[in-house]
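Below is one structure, written out as structure tokens, with a few remarks after it.
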Amino acid sequence: MAGFHVMADAHGAHVQPTVRSITTADLRDALRLGAEDFWAKPSHYVFLCLIYPVVGLILTRWTSGANAIQLIYPLMSGFALVGPFAAIGLYEISRRRELGMNTSWRHALDVRRSPAIPSIAAIGIMLVALFLLWLYTAQSIYTGLFGDQPPASIGDFVREVLTTGKGWTLILAGNAAGFVFAVVVLATTVVAFPLLLDRDVGAVSAIETSARAVMANPLQMALWGLMVAVLLVIGSIPLFAGLAVVMPVLGHATWHLYRKVVEPERAQQIRRPM
């Protein structure tokens with residue numbers, strides 16, 4: 001590792017990997033390969049990802065006990081914002097399996113030795129900041145409609161949301177704001193973390209490559225985002241327990257999506273000084 005570097009690669013250069021056009025068949029294949037990675041050693045991966053349902057239950061209990069019931073849904077949907085960073089260990093497992101290396105779950109922690117760890121941390125901090133901003137936005141929308149008084153109970157909150165004009169406004173405005181946050185995260189990180197694990201290109205290049213991947217494949221990436229959202233909702237319904245399967249499958253699938261979207265390193269790249 002040639003010193004601490006975040007913006008560019010270890011040589012101070014800005015790398016621009018070549019982005020490919022993909023099809024919906026590539027999306028299905030990425031999911032299939034992700035499921036294969038998961039089932040190769042499911043007990044290890046489930047153990048690794050049990051943190052997701054556990055954290056979900058803790059957050060739900062905390063928000064209910066702190067009279068912040070209105071934040072349960074934003075917290076649940078917020079998994080999609082931090083998911084790309086939280087699944088980084090899964091990308092590493094898929095990378096090692098692709099190379100025929102040992103895929104024990106312990107190697108998920110090998111990412112800490114990556115020369116790109118400063119860039120990975122920088123983008124991770126960005127996602128956490130977006131997650132907190134999303135919670136603040138969701139709370140502000142609720143406060144603007146219902147005032148500072150928190151809901152008395154989950155039942156009262158659900159009744160207000162589903163049977164009043166303010167409640168429907170909350171649903172529409174909240175989901176519209178959440179959509180904007182989701183688009184920003186998708187556009188900036190859809191392949192950023194797998195790229196940084198595969199090559200030390202710098203945070204700027206990783207974000208830029210993700211954006212170019214989305215611009216080159218707008219319909220396919222929109223469908224990918226929809227698939228991710230639907231699967232996360234399905235995984236969250238049974239008390240978040242389904243996330244122990246959904247999250248690792250999506251994590252592995254994201255690695256394979258990266259492989260389909262970004263040309264291998266041996267392909268010609270453009271470098272320019274930062």
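Residue numbering restarts at 1 in every chain; chains get A, B, ... in the order shown in the structure tokens, and ligands count up from 1 in that same order.
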- request: Might you pull out every residue within 12 Å of Tyr142 (chain A), with only C-alpha atoms counted and same-chain residues fewer than 3 positions away left off, and present them as a PyMOL selection string?
  value: chain A and resi 68-71+73-74+135-139+145-151+157+160-161+166-174
Expected file: the selected residues, N, CA and C atoms, as a compact mmCIF listing (two decimals), in the first residue's frame:
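Output saved as part-v3.txt:
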```txt
# COMPACT_ATOMS: atom_id res chain seq x y z
N ALA A 68 -40.84 6.39 19.25
CA ALA A 68 -40.46 6.80 17.90
C ALA A 68 -40.96 5.77 16.90
N ILE A 69 -42.20 5.36 17.09
CA ILE A 69 -42.79 4.33 16.24
C ILE A 69 -42.77 4.75 14.78
N GLN A 70 -42.89 6.06 14.55
CA GLN A 70 -42.93 6.55 13.17
C GLN A 70 -41.64 6.29 12.42
N LEU A 71 -40.56 5.91 13.11
CA LEU A 71 -39.28 5.66 12.45
C LEU A 71 -39.05 4.19 12.13
N TYR A 73 -40.58 2.17 9.95
CA TYR A 73 -40.52 1.94 8.50
C TYR A 73 -39.27 2.57 7.88
N PRO A 74 -38.93 3.82 8.22
CA PRO A 74 -37.68 4.39 7.69
C PRO A 74 -36.45 3.57 8.05
N LEU A 135 -33.18 9.31 7.82
CA LEU A 135 -33.97 9.26 9.05
C LEU A 135 -34.41 10.67 9.46
N TYR A 136 -33.52 11.64 9.33
CA TYR A 136 -33.87 13.02 9.66
C TYR A 136 -34.97 13.53 8.73
N THR A 137 -34.86 13.20 7.45
CA THR A 137 -35.86 13.63 6.48
C THR A 137 -37.22 13.00 6.79
N ALA A 138 -37.21 11.70 7.08
CA ALA A 138 -38.45 11.00 7.40
C ALA A 138 -39.11 11.60 8.65
N GLN A 139 -38.30 11.88 9.68
CA GLN A 139 -38.83 12.48 10.90
C GLN A 139 -39.38 13.88 10.62
N LEU A 145 -46.34 17.08 9.33
CA LEU A 145 -47.74 16.70 9.14
C LEU A 145 -48.48 16.48 10.46
N PHE A 146 -47.81 15.87 11.43
CA PHE A 146 -48.48 15.47 12.66
C PHE A 146 -47.99 16.21 13.91
N GLY A 147 -46.97 17.07 13.75
CA GLY A 147 -46.45 17.79 14.90
C GLY A 147 -45.42 16.99 15.67
N ASP A 148 -44.99 17.53 16.80
CA ASP A 148 -43.93 16.91 17.59
C ASP A 148 -44.39 15.74 18.44
N GLN A 149 -45.70 15.60 18.62
CA GLN A 149 -46.21 14.54 19.48
C GLN A 149 -46.07 13.17 18.81
N PRO A 150 -45.35 12.23 19.43
CA PRO A 150 -45.19 10.90 18.83
C PRO A 150 -46.49 10.10 18.92
N PRO A 151 -46.66 9.06 18.13
CA PRO A 151 -47.86 8.22 18.20
C PRO A 151 -47.98 7.56 19.56
N PHE A 157 -50.93 4.65 15.33
CA PHE A 157 -50.13 5.17 14.22
C PHE A 157 -50.60 4.57 12.89
N GLU A 160 -53.92 6.11 11.90
CA GLU A 160 -53.78 7.48 11.38
C GLU A 160 -53.21 7.51 9.98
N VAL A 161 -52.23 6.64 9.74
CA VAL A 161 -51.57 6.63 8.44
C VAL A 161 -52.50 6.14 7.34
N LYS A 166 -53.73 13.17 6.12
CA LYS A 166 -52.35 13.40 6.51
C LYS A 166 -51.53 12.10 6.40
N GLY A 167 -52.18 11.00 6.74
CA GLY A 167 -51.49 9.72 6.67
C GLY A 167 -51.11 9.36 5.25
N TRP A 168 -52.04 9.58 4.31
CA TRP A 168 -51.74 9.27 2.91
C TRP A 168 -50.69 10.23 2.35
N THR A 169 -50.72 11.47 2.83
CA THR A 169 -49.67 12.41 2.42
C THR A 169 -48.31 11.95 2.95
N LEU A 170 -48.30 11.43 4.17
CA LEU A 170 -47.07 10.90 4.75
C LEU A 170 -46.54 9.73 3.92
N ILE A 171 -47.43 8.85 3.50
CA ILE A 171 -47.02 7.70 2.69
C ILE A 171 -46.41 8.17 1.37
N LEU A 172 -47.10 9.09 0.70
CA LEU A 172 -46.64 9.55 -0.61
C LEU A 172 -45.33 10.33 -0.50
N ALA A 173 -45.30 11.30 0.43
CA ALA A 173 -44.10 12.13 0.58
C ALA A 173 -42.91 11.32 1.09
N GLY A 174 -43.17 10.43 2.04
CA GLY A 174 -42.09 9.62 2.59
C GLY A 174 -41.49 8.68 1.57
```
What lies within 8 Å of Leu196 (chain A) using only C-alpha atoms, ignoring chain neighbours under 3 positions off, as a PDB file with C-alpha atoms, in the first residue's frame?
```
ATOM      1  CA  ALA A 116      -8.289   0.113  -0.840  1.00  0.00           C
ATOM      2  CA  SER A 119     -11.540   4.332  -0.024  1.00  0.00           C
ATOM      3  CA  ILE A 120     -13.941   1.624   1.143  1.00  0.00           C
ATOM      4  CA  ALA A 192     -18.294   0.674  -6.116  1.00  0.00           C
ATOM      5  CA  PHE A 193     -17.415  -1.746  -3.321  1.00  0.00           C
ATOM      6  CA  ARG A 199      -8.800  -3.132  -7.804  1.00  0.00           C
ATOM      7  CA  ASP A 200      -7.492  -0.244  -5.758  1.00  0.00           C
ATOM      8  CA  VAL A 201      -8.833   2.540  -7.984  1.00  0.00           C
ATOM      9  CA  GLY A 202      -9.795   5.174  -5.401  1.00  0.00           C
ATOM     10  CA  ALA A 203     -13.174   6.282  -4.081  1.00  0.00           C
ATOM     11  CA  ALA A 206     -15.407   3.747  -7.852  1.00  0.00           C
TER      12      ALA A 206
END
```
- request: Please identify all polymer residues within 8 Å of Ala216 (chain A), counting only C-alpha atoms, omitting same-chain residues fewer than 6 positions from it, and present them as a count of residues only.
  value: 3
Within 8 Å of Leu257 (chain A) using only C-alpha atoms, minus same-chain residues under 6 positions, as a ChimeraX atom specification: /A:26-27,30,191
Writing out the chosen residues with N, CA and C atoms as a tab-separated table (two decimals), in the first residue's frame:
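New file result.tsv:
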```
chain	number	residue	atom	x	y	z
A	26	ASP	N	-28.78	-10.87	-17.81
A	26	ASP	CA	-27.60	-10.75	-16.96
A	26	ASP	C	-28.00	-10.56	-15.50
A	27	LEU	N	-29.07	-9.81	-15.27
A	27	LEU	CA	-29.56	-9.61	-13.90
A	27	LEU	C	-30.00	-10.93	-13.30
A	30	ALA	N	-26.99	-13.00	-12.53
A	30	ALA	CA	-26.28	-12.54	-11.33
A	30	ALA	C	-26.97	-13.04	-10.07
A	191	VAL	N	-21.69	-0.70	-8.08
A	191	VAL	CA	-20.52	-1.57	-8.26
A	191	VAL	C	-19.29	-1.03	-7.54
```
query: Of the candidates A:Val190, A:Val246, A:Trp105, A:Ile237, which one gets nearest to Gly225 (chain A) if we count only C-alpha atoms?
result: A:Val190
field: region 177-188 of chain A surroundings by only C-alpha atoms, 12 Å radius, close-in-sequence under 6 positions cut, as JSON, numbers by chain
entry: {"A": [73, 74, 75, 76, 77, 78, 79, 80, 81, 82, 83, 84, 85, 123, 124, 126, 127, 128, 129, 130, 131, 132, 133, 134, 135, 136, 137, 138, 139, 140, 141, 169, 170, 171, 203, 204, 205, 206, 207, 208, 209, 210, 211, 212, 213, 214, 215, 216, 217, 218, 220, 221, 222, 223, 224, 225, 226, 228, 229, 254]}
I need the residues from that last selection saved to file as a PDB file, in the first residue's frame (with C-alpha atoms), if you can.
```
ATOM      1  CA  TYR A  73     -40.515   1.939   8.499  1.00  0.00           C
ATOM      2  CA  PRO A  74     -37.682   4.392   7.686  1.00  0.00           C
ATOM      3  CA  LEU A  75     -35.282   2.193   9.657  1.00  0.00           C
ATOM      4  CA  MET A  76     -36.446  -0.931   7.829  1.00  0.00           C
ATOM      5  CA  SER A  77     -36.194   0.680   4.407  1.00  0.00           C
ATOM      6  CA  GLY A  78     -32.860   2.223   5.398  1.00  0.00           C
ATOM      7  CA  PHE A  79     -31.262  -1.230   5.191  1.00  0.00           C
ATOM      8  CA  ALA A  80     -31.201  -0.704   1.442  1.00  0.00           C
ATOM      9  CA  LEU A  81     -29.058   2.422   1.896  1.00  0.00           C
ATOM     10  CA  VAL A  82     -26.326   0.846   4.024  1.00  0.00           C
ATOM     11  CA  GLY A  83     -26.635  -2.633   2.511  1.00  0.00           C
ATOM     12  CA  PRO A  84     -23.917  -2.149  -0.139  1.00  0.00           C
ATOM     13  CA  PHE A  85     -21.378  -1.374   2.607  1.00  0.00           C
ATOM     14  CA  ILE A 123     -17.716   5.501   0.774  1.00  0.00           C
ATOM     15  CA  GLY A 124     -19.062   3.579   3.769  1.00  0.00           C
ATOM     16  CA  MET A 126     -20.929   8.475   2.949  1.00  0.00           C
ATOM     17  CA  LEU A 127     -23.634   5.790   3.063  1.00  0.00           C
ATOM     18  CA  VAL A 128     -24.004   6.038   6.835  1.00  0.00           C
ATOM     19  CA  ALA A 129     -24.370   9.817   6.464  1.00  0.00           C
ATOM     20  CA  LEU A 130     -27.068   9.293   3.817  1.00  0.00           C
ATOM     21  CA  PHE A 131     -28.827   6.826   6.120  1.00  0.00           C
ATOM     22  CA  LEU A 132     -28.868   9.348   8.984  1.00  0.00           C
ATOM     23  CA  LEU A 133     -30.011  12.090   6.612  1.00  0.00           C
ATOM     24  CA  TRP A 134     -32.830   9.810   5.441  1.00  0.00           C
ATOM     25  CA  LEU A 135     -33.969   9.264   9.051  1.00  0.00           C
ATOM     26  CA  TYR A 136     -33.867  13.023   9.657  1.00  0.00           C
ATOM     27  CA  THR A 137     -35.863  13.628   6.477  1.00  0.00           C
ATOM     28  CA  ALA A 138     -38.452  11.002   7.400  1.00  0.00           C
ATOM     29  CA  GLN A 139     -38.834  12.484  10.899  1.00  0.00           C
ATOM     30  CA  SER A 140     -39.143  15.999   9.446  1.00  0.00           C
ATOM     31  CA  ILE A 141     -41.911  14.896   7.073  1.00  0.00           C
ATOM     32  CA  THR A 169     -49.669  12.413   2.424  1.00  0.00           C
ATOM     33  CA  LEU A 170     -47.068  10.897   4.752  1.00  0.00           C
ATOM     34  CA  ILE A 171     -47.017   7.704   2.686  1.00  0.00           C
ATOM     35  CA  ALA A 203     -13.174   6.282  -4.081  1.00  0.00           C
ATOM     36  CA  VAL A 204     -13.797   8.858  -6.794  1.00  0.00           C
ATOM     37  CA  SER A 205     -13.247   6.364  -9.587  1.00  0.00           C
ATOM     38  CA  ALA A 206     -15.407   3.747  -7.852  1.00  0.00           C
ATOM     39  CA  ILE A 207     -18.309   6.194  -7.499  1.00  0.00           C
ATOM     40  CA  GLU A 208     -17.825   7.488 -11.024  1.00  0.00           C
ATOM     41  CA  THR A 209     -17.770   3.950 -12.446  1.00  0.00           C
ATOM     42  CA  SER A 210     -21.018   3.147 -10.656  1.00  0.00           C
ATOM     43  CA  ALA A 211     -22.608   6.273 -12.107  1.00  0.00           C
ATOM     44  CA  ARG A 212     -21.406   5.382 -15.613  1.00  0.00           C
ATOM     45  CA  ALA A 213     -22.732   1.837 -15.189  1.00  0.00           C
ATOM     46  CA  VAL A 214     -26.167   3.224 -14.321  1.00  0.00           C
ATOM     47  CA  MET A 215     -26.128   5.708 -17.210  1.00  0.00           C
ATOM     48  CA  ALA A 216     -25.100   2.973 -19.647  1.00  0.00           C
ATOM     49  CA  ASN A 217     -27.829   0.619 -18.385  1.00  0.00           C
ATOM     50  CA  PRO A 218     -30.652   2.805 -16.990  1.00  0.00           C
ATOM     51  CA  GLN A 220     -31.526  -2.679 -16.242  1.00  0.00           C
ATOM     52  CA  MET A 221     -30.221  -0.829 -13.178  1.00  0.00           C
ATOM     53  CA  ALA A 222     -33.700   0.453 -12.379  1.00  0.00           C
ATOM     54  CA  LEU A 223     -34.945  -3.130 -12.549  1.00  0.00           C
ATOM     55  CA  TRP A 224     -32.034  -4.250 -10.348  1.00  0.00           C
ATOM     56  CA  GLY A 225     -32.938  -1.615  -7.761  1.00  0.00           C
ATOM     57  CA  LEU A 226     -36.574  -2.746  -7.847  1.00  0.00           C
ATOM     58  CA  VAL A 228     -33.374  -5.484  -4.444  1.00  0.00           C
ATOM     59  CA  ALA A 229     -36.166  -3.442  -2.830  1.00  0.00           C
ATOM     60  CA  THR A 254     -23.892  -7.812  -6.522  1.00  0.00           C
TER      61      THR A 254
END
```
- prompt: Taking into account only C-alpha atoms, which residue in the set A:Ile88, A:Ile234, A:Leu33, A:Ala241 is nearest to Leu109 (chain A)?
  reply: A:Ile88
Please, which residues of region 139-187 of chain A, numbered as in this document, come out helix (DSSP H, G or I) from DSSP, as a tab-separated table (two decimals) with C-alpha atoms, in the first residue's frame?
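Result went into part.tsv, see below:
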```
chain	number	residue	atom	x	y	z
A	139	GLN	CA	-38.83	12.48	10.90
A	140	SER	CA	-39.14	16.00	9.45
A	141	ILE	CA	-41.91	14.90	7.07
A	142	TYR	CA	-43.78	13.27	9.97
A	143	THR	CA	-43.33	16.31	12.21
A	144	GLY	CA	-44.50	18.65	9.46
A	145	LEU	CA	-47.74	16.70	9.14
A	146	PHE	CA	-48.48	15.47	12.66
A	154	ILE	CA	-48.46	1.21	16.89
A	155	GLY	CA	-52.20	0.66	16.43
A	156	ASP	CA	-52.96	4.38	16.61
A	157	PHE	CA	-50.13	5.17	14.22
A	158	VAL	CA	-51.27	2.61	11.64
A	159	ARG	CA	-54.84	3.86	11.91
A	160	GLU	CA	-53.78	7.48	11.38
A	161	VAL	CA	-51.57	6.63	8.44
A	162	LEU	CA	-54.13	4.50	6.61
A	163	THR	CA	-57.37	6.37	7.32
A	165	GLY	CA	-55.48	12.54	4.56
A	166	LYS	CA	-52.35	13.40	6.51
A	167	GLY	CA	-51.49	9.72	6.67
A	168	TRP	CA	-51.74	9.27	2.91
A	169	THR	CA	-49.67	12.41	2.42
A	170	LEU	CA	-47.07	10.90	4.75
A	171	ILE	CA	-47.02	7.70	2.69
A	172	LEU	CA	-46.64	9.55	-0.61
A	173	ALA	CA	-44.10	12.13	0.58
A	174	GLY	CA	-42.09	9.62	2.59
A	175	ASN	CA	-41.82	7.11	-0.22
A	176	ALA	CA	-40.97	9.86	-2.73
A	177	ALA	CA	-38.13	11.05	-0.49
A	178	GLY	CA	-36.99	7.47	0.07
A	179	PHE	CA	-36.96	6.88	-3.67
A	180	VAL	CA	-34.60	9.83	-4.14
A	181	PHE	CA	-32.21	8.48	-1.51
A	182	ALA	CA	-32.35	4.99	-3.04
A	183	VAL	CA	-31.56	6.35	-6.51
A	184	VAL	CA	-28.56	8.28	-5.17
A	185	VAL	CA	-27.19	5.18	-3.43
A	186	LEU	CA	-27.78	2.97	-6.46
A	187	ALA	CA	-26.14	5.44	-8.83
```
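Taking CA of Asn102 (chain A) as the reference point, CA of Gly242 (chain A) is found at 26.6 Å.
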- prompt: Counting only C-alpha atoms, what is within 10 Å of Glu98 (chain A), bar same-chain residues fewer than 5 positions away, as a PyMOL selection string?
  reply: chain A and resi 37+92-93+103+256
Please produce an output containing N, CA and C atoms for each residue in the selection, written as a short mmCIF file (atom, residue, chain, number, x, y, z; two decimals), in the first residue's frame.
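Result file is selection.cif:
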```cif
data_model
loop_
_atom_site.label_atom_id
_atom_site.label_comp_id
_atom_site.auth_asym_id
_atom_site.auth_seq_id
_atom_site.Cartn_x
_atom_site.Cartn_y
_atom_site.Cartn_z
N ASP A 37 -23.51 -19.10 -4.76
CA ASP A 37 -22.49 -18.77 -3.77
C ASP A 37 -23.01 -18.99 -2.36
N GLU A 92 -16.25 -10.28 -0.80
CA GLU A 92 -14.93 -10.91 -0.66
C GLU A 92 -15.04 -12.43 -0.77
N ILE A 93 -16.09 -13.01 -0.18
CA ILE A 93 -16.28 -14.45 -0.28
C ILE A 93 -16.50 -14.87 -1.73
N THR A 103 -12.95 -20.35 1.00
CA THR A 103 -14.10 -19.47 1.17
C THR A 103 -14.72 -19.58 2.57
N HIS A 256 -21.39 -10.55 -8.74
CA HIS A 256 -21.51 -11.08 -10.10
C HIS A 256 -22.07 -10.03 -11.06
#
```
- request: Give the answer as one residue: which of A:His252, A:Arg112, A:Ile22, A:Glu263 has the shortest atom-to-atom distance to Arg97 (chain A), using only C-alpha atoms?
  value: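 Closest to Arg97 (chain A), using only C-alpha atoms: A:His252.
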- prompt: Could you work out how far CA of Glu36 (chain A) lies from CA of Pro17 (chain A), giving the answer in Å with one decimal?
  reply: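 Going from CA of Pro17 (chain A) over to CA of Glu36 (chain A), I get 27.0 Å.
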Atom-to-atom span, CA of Ala244 (chain A) and CA of Leu232 (chain A), Å: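 Computed distance, CA of Ala244 (chain A) to CA of Leu232 (chain A), equals 10.4 Å.
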